[in-house]
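Here's the structure we're looking at; comments come further down.
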Amino acid sequence: MDLFNDKEMELLNIAGVNIENKVEYTDNEKRYIFRQVTEFIMNHSSKNGDIGRLQGEYECVINKINVV
């Protein structure tokens, strides 16, 4: 079973994170995913609530990669 479901893979594609869905990722791959998703979120406007909304949408992805 792959780590990410279809919806999460779609979210990653929207954020520009083009990865192969697999069961486990290396620490470097996890950091890459985290950095790309975070950068995508932070490039949006906080005035209209986009950052907060995107943080909620991508929370499942961030929790699954568990970057500390």
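In the structure tokens, the first chain shown is A, the next is B, and so on; residue numbers restart at 1 for each chain, and ligands run from 1 in the order shown.
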Test item: residues at most 10 Å from stretch 9-22 of chain A, only C-alpha atoms, excluding those fewer than 2 positions along its chain, as a ChimeraX atom specification: /A:1-7,24-25,29,32-41,54,57-58,61
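Minimum distance to A:Lys64 across A:Asn28, A:Asn43, A:Glu8, A:Asp50 (counting only C-alpha atoms) occurs at A:Glu8.
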One-decimal distance in Å that lies between atom CA of A:Ile51 and atom CA of A:Thr26: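 Separation between atom CA of A:Thr26 and atom CA of A:Ile51: 27.3 Å.
Here atom CA of A:Cys60 stands at a distance of 21.0 Å from atom CA of A:Ser45.
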DSSP alpha helix (DSSP H) residues within chain A, as JSON, numbers by chain: {"A": [6, 7, 8, 9, 10, 11, 12, 13, 14, 27, 28, 29, 30, 31, 32, 33, 34, 35, 36, 37, 38, 39, 40, 41, 42, 50, 51, 52, 53, 54, 55, 56, 57, 58, 59, 60, 61, 62, 63, 64, 65]}
Those selected residues, please, written with C-alpha atoms and delivered as a PDB file, in the first residue's frame.
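Once written, part-v7.pdb looks like this:
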ATOM      1  CA  ASP A   6      -5.235   9.727  -4.566  1.00  0.00           C
ATOM      2  CA  LYS A   7      -6.439  13.003  -3.046  1.00  0.00           C
ATOM      3  CA  GLU A   8      -3.095  13.577  -1.319  1.00  0.00           C
ATOM      4  CA  MET A   9      -1.208  12.829  -4.530  1.00  0.00           C
ATOM      5  CA  GLU A  10      -3.427  15.347  -6.309  1.00  0.00           C
ATOM      6  CA  LEU A  11      -2.625  17.943  -3.636  1.00  0.00           C
ATOM      7  CA  LEU A  12       1.094  17.237  -4.036  1.00  0.00           C
ATOM      8  CA  ASN A  13       0.812  17.660  -7.805  1.00  0.00           C
ATOM      9  CA  ILE A  14      -1.002  20.974  -7.337  1.00  0.00           C
ATOM     10  CA  ASP A  27      14.628  11.428   5.220  1.00  0.00           C
ATOM     11  CA  ASN A  28      15.892  13.582   2.341  1.00  0.00           C
ATOM     12  CA  GLU A  29      12.764  12.852   0.306  1.00  0.00           C
ATOM     13  CA  LYS A  30      10.577  13.725   3.289  1.00  0.00           C
ATOM     14  CA  ARG A  31      12.407  17.006   3.803  1.00  0.00           C
ATOM     15  CA  TYR A  32      12.031  17.777   0.083  1.00  0.00           C
ATOM     16  CA  ILE A  33       8.266  17.143   0.204  1.00  0.00           C
ATOM     17  CA  PHE A  34       7.914  19.234   3.368  1.00  0.00           C
ATOM     18  CA  ARG A  35       9.949  22.117   1.937  1.00  0.00           C
ATOM     19  CA  GLN A  36       8.022  22.138  -1.354  1.00  0.00           C
ATOM     20  CA  VAL A  37       4.603  22.003   0.322  1.00  0.00           C
ATOM     21  CA  THR A  38       5.557  24.688   2.845  1.00  0.00           C
ATOM     22  CA  GLU A  39       6.904  26.958   0.119  1.00  0.00           C
ATOM     23  CA  PHE A  40       3.731  26.450  -1.930  1.00  0.00           C
ATOM     24  CA  ILE A  41       1.529  27.361   1.038  1.00  0.00           C
ATOM     25  CA  MET A  42       3.586  30.403   2.041  1.00  0.00           C
ATOM     26  CA  ASP A  50      -5.466  31.177   1.673  1.00  0.00           C
ATOM     27  CA  ILE A  51      -2.551  30.223   3.920  1.00  0.00           C
ATOM     28  CA  GLY A  52      -4.795  28.939   6.702  1.00  0.00           C
ATOM     29  CA  ARG A  53      -7.014  27.053   4.259  1.00  0.00           C
ATOM     30  CA  LEU A  54      -4.038  25.432   2.536  1.00  0.00           C
ATOM     31  CA  GLN A  55      -2.441  24.499   5.849  1.00  0.00           C
ATOM     32  CA  GLY A  56      -5.621  22.615   6.680  1.00  0.00           C
ATOM     33  CA  GLU A  57      -5.741  20.920   3.288  1.00  0.00           C
ATOM     34  CA  TYR A  58      -2.107  19.833   3.387  1.00  0.00           C
ATOM     35  CA  GLU A  59      -2.078  18.821   7.056  1.00  0.00           C
ATOM     36  CA  CYS A  60      -2.677  15.179   6.122  1.00  0.00           C
ATOM     37  CA  VAL A  61       0.389  15.199   3.841  1.00  0.00           C
ATOM     38  CA  ILE A  62       2.603  16.863   6.441  1.00  0.00           C
ATOM     39  CA  ASN A  63       1.463  14.427   9.138  1.00  0.00           C
ATOM     40  CA  LYS A  64       2.199  11.414   6.944  1.00  0.00           C
ATOM     41  CA  ILE A  65       5.779  12.408   6.185  1.00  0.00           C
TER      42      ILE A  65
END
